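J.: Take this structure first; my questions come after.
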There are 4 protein chains.
Amino acid sequence: MNEIFILTFSCQDRPGLVAAVAGLLFQQGGNILDAQQFTDQETKRFFMRVVFEMENTERLPHEVEILAKMHGMTWRLRPTAQKQRVLLLVSKYDHCLADLLYRTGIGELNMQVVGVVSNHPRDVLNHSISADIPFYYLPVTKDTKPQQEARIKQIVESSGAELVILARYMQILSDDLATYLTGRCINIHHSFLPGFKGAKPYHQAHERGVKIIGATAHYVTSDLDEGPIIVQDIEHISHSDTPDDLVRKGRNIESRVLARAVYYHLEERVLTNGNKTVVFLD
Amino acid sequence: MNEIFILTFSCQDRPGLVAAVAGLLFQQGGNILDAQQFTDQETKRFFMRVVFEMENTERLPHEVEILAKMHGMTWRLRPTAQKQRVLLLVSKYDHCLADLLYRTGIGELNMQVVGVVSNHPRDVLNHSISADIPFYYLPVTKDTKPQQEARIKQIVESSGAELVILARYMQILSDDLATYLTGRCINIHHSFLPGFKGAKPYHQAHERGVKIIGATAHYVTSDLDEGPIIVQDIEHISHSDTPDDLVRKGRNIESRVLARAVYYHLEERVLTNGNKTVVFLD
Amino acid sequence: MNEIFILTFSCQDRPGLVAAVAGLLFQQGGNILDAQQFTDQETKRFFMRVVFEMENTERLPHEVEILAKMHGMTWRLRPTAQKQRVLLLVSKYDHCLADLLYRTGIGELNMQVVGVVSNHPRDVLNHSISADIPFYYLPVTKDTKPQQEARIKQIVESSGAELVILARYMQILSDDLATYLTGRCINIHHSFLPGFKGAKPYHQAHERGVKIIGATAHYVTSDLDEGPIIVQDIEHISHSDTPDDLVRKGRNIESRVLARAVYYHLEERVLTNGNKTVVFLD
Amino acid sequence: MNEIFILTFSCQDRPGLVAAVAGLLFQQGGNILDAQQFTDQETKRFFMRVVFEMENTERLPHEVEILAKMHGMTWRLRPTAQKQRVLLLVSKYDHCLADLLYRTGIGELNMQVVGVVSNHPRDVLNHSISADIPFYYLPVTKDTKPQQEARIKQIVESSGAELVILARYMQILSDDLATYLTGRCINIHHSFLPGFKGAKPYHQAHERGVKIIGATAHYVTSDLDEGPIIVQDIEHISHSDTPDDLVRKGRNIESRVLARAVYYHLEERVLTNGNKTVVFLD
């Protein structure tokens, strides 16, 4: 029976890349179901995502490896049947968490939640997390931050988490942890970055009198609120919206934007390009 | 110096199509700048759009022809340097016309307007059409419709128009003219079809009390308001909007939707798929 | 201490209505916090929503009654401190249910869920409903529909439900039940009505090749999919979206649109105007 | 015959304001067609917009004056029949100018264009400005800026302009001119402020890799890009958009946002509230 794979790669642009990849897959008996590509005209870097089905995949990784070496490709190959292992971090506001868990439960997000970490105890959350998901209550103070983050690293390692999601986790990661998680950690910031960086963006928005609020899902880097942006969206607001109204309206945007970014990430639709992303939309 | 071409084609899906096309272009010295593809899983029809640059293009059409025959492809090859010749039809409301002419003037739309046809005299229009665009005043009544439409056909032929745009042309085309223009005529309908077909859609919308209005750009077929949809968009409205308000708010949507559809068509981003379209977005 | 009230009313338009209402509230010691009004210029019917705070409210209902009689007003007066009692009906797809329960739990929706009715057993649902909410499993066949609906009526009566929400309840209500619930029952339909009425709207949308899908929250009437529309919203889709993709993308719109309609209803922002609604937005 | 008026005012909040205004208009024989109000809960300032029709308006300004004095109101009373006199400033990019002139021509914007000022000669513009609108070519250099701005002031004075619109006028106004025009000058900035202040916002947006671009219409103050925001809107973009694509997509947003802000201003829907605005939407 046929398996479906997603191959993503990037390398310096040169003529013949599409022909080379399409040729290889054809020779191996594959059938391309979807393919998207992009060349960054400034850096001349080439990005591609290919979805294909194939019966006998024994030789595939080896052949891709050879091609990748020839063209200096950074690449990833993933069978769609394999769920990614994901660790969720949350503080008090758990609307994003509840939303991600529901979407996972109905099969919309192709992932397995290997744990939930919170700096608040379980009963502070509104959403009741199913008993079969390990819950880690890791309180944190300025003084205990190194130990708490060491514990998070341990959990990442022991759970085999491939992706960490900061689902309104309101602690600033240390440079060390941010670096450790680079490329595999998605955060949701409650503003349309680069507007309103830092703390209390809804209050900043109210103060400034803007007519839209937004949310930004981005990969975490050691540079706070400056990581590669994956998805952004907004809602219109009015003069009559209090900061509390913004918080309420913002919840919808945050949940939606984070879920979309996670969906794209799990579908291997996001490739980083320096401090930007290439997102091959469906 | 390199020329840039857009090749679009569709055919029955089979393994190796991407490899074949990419291989051909590589052999001819081409470099693929952008490529998008789609397979309709219901009909197993394959659609592709490839943008490439090439120096020596003498043999290109011949080689594409051979490949196309082999795979039963319907195809089109167009150098981007060549502007499409476009005929605009309009009645009294000329906001779409003014918008298209402005966008053409600043080079946003890669087209040459070869004429404007209206069933109203020139001075009924608000927009003053530049003197170097031929204007045809072709009034029409029930009785003179066959003659008027024959005249339109003549103008299409003599002007070499490749595309006809019904920019709020409020006459229903006869089956004969609609069939004649199939695949090369875009209409803007002022509702989110299939809601509110036929006449006075804003009044229908007001009557029904909907909370959104919209516009639909579609290819004209002999089946009124049923042709393949290219672009749709909407605006939110409220209980306090009168039919006049809807007309006012609707103008923005109509101009925007039509301009986008024309832009996509001119960029060879739209392929018809039965009564649907494949639109490769930028 | 001050209580906050919402007064809504409608009547035939005449000069002095705003002055009369504002005067009455001023005399009773009230302070208007928000007021919105609308006159339907076709029917000359006047609609108003006034939010005010007042300390001594003993005489208020009596005074409003007198004024209402004088002007032939249909009116409602509700203290914001009082939660509305709401009954939820659901079938297999429970994303709207999960969303409404979460929003209720965090206090966003000013309501108390007095029960959940489903024609499917509890364990078919993905969301685990909290044990303190009565769950009624009421299977239904063509033959048992009268009895099943009688049971629903009973539950409405016994639970004191003021509002019934069809949160993707996929059974068509009988004329009798629809009439019984008129004005106090909100349904979510998964299309931008009047496009794609009836069953399987996403499949209809796919078939037609539209570029947007939507959802419509409306009051239930005995005329299927024709009741007064409260909220509509849409998402853009593309040729590559399968019916399953539409179902996935549609879930977001359905949850969002229904939650907004319920929010507006609970805040007394929705007044019916024949087969339309007046919705005083926040 | 009845005239229609718009009365707007703001003052410190206190009980009875709505009753007082509604009472006054009723006594003078007026009929309220629309009324909207807002109280800023932080500053306790009250804002109101009332539209009414009245036959005999001789005593009206006097009576409003008395009321206004009593309550310390800042107020404005304007008959809707009277068009506002507007001066347009533009540089090279004239899409906003063309859009505003078209909307004025068809009667959508209730204004009279008393002149167009540009720092570029007329033939640099794409749009051909009708001969009956005075065109002022006022080139400017660092050295001649004071004189050029003095000339602009003169034109404002002599033309009786009530509103000045910076329709992509790419010169930074001096503090002196900005202060002179405070409250009666609208600018369009091509970003969703406060993101990307200053020059070349589309290039900044491309550099940062955001997924949305936007535009902001705001009143001009001496604090660059910091004036009260009237309207904002956005478009989604992707990794494949070059800065040129952003400029193209941005034109649509800029035209739309500026037109809407001007429309609201002309309809007296915008009241300033410190460095914010109250915008009573239609």
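For the structure tokens, the naming scheme is as follows: chains receive sequential letters (A, B, ...) according to their order of presentation, residues are indexed from 1 within each chain, and ligands are indexed from 1 in presentation order.
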Mind the document's chain letters and residue numbers, and return as a VMD selection string the residues of stretch 35-194 of chain A that DSSP labels helix (DSSP H, G or I).

T.: chain A and resid 60 to 71 95 to 105 122 to 124 145 to 159 175 to 180

J.: May I have the residues of chain A within 8 Å of chain B, counting only C-alpha atoms, written as a list of chain:residue names?

T.: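 My answer is A:Arg14, A:Pro15, A:Gly16, A:Val18, A:Ala19, A:Ala20, A:Val21, A:Ala22, A:Gly23, A:Phe26, A:Gly30, A:Asn31, A:Ile32, A:Leu33, A:Asp34, A:Ala35, A:Gln36, A:Gln37, A:Phe38, A:Thr39.
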
J.: Extract, using only C-alpha atoms, all DNA, RNA and protein residues at most 9 Å from B:Glu3, discarding same-chain residues fewer than 6 positions from it, and format them as number ranges by chain.

T.: B: 52-57, 79-81

J.: Need to verify the contact set: stretch 168-170 of chain C, 10 Å, only C-alpha atoms, exclusion of same-chain residues closer than 3 positions in sequence. Can you return it as a VMD selection string?

T.: chain C and resid 88 to 97 117 to 119 165 173 187 to 190 199 254 to 255 258

J.: Report, in Å to a single decimal, how far apart atom CA of B:Glu162 and atom CA of B:Ile230 are.

T.: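 Atom CA of B:Glu162 lies at a distance of 17.5 Å from atom CA of B:Ile230.
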
J.: Could you jot down the atom CA of B:Val156 to atom CA of B:Ile229 separation for me, Å, one decimal place?

T.: 23.0 Å

J.: Mind listing the strand (DSSP E) residues of stretch 148-275 of chain C, per DSSP on the backbone, as a list in words?

T.: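 Restricting stretch 148-275 of chain C to strand (DSSP E) produces Leu163, Val164, Ile165, Leu166, Cys185, Ile186, Asn187, Ile188, His189, Ile212, Ile213, Gly214, Ala215, Thr216, Ala217, His218, Tyr219, Ile229, Ile230, Val231, Gln232, Asp233, Ile234, Glu235, His236, Val270, Leu271, Thr272 and Asn273 of chain C.
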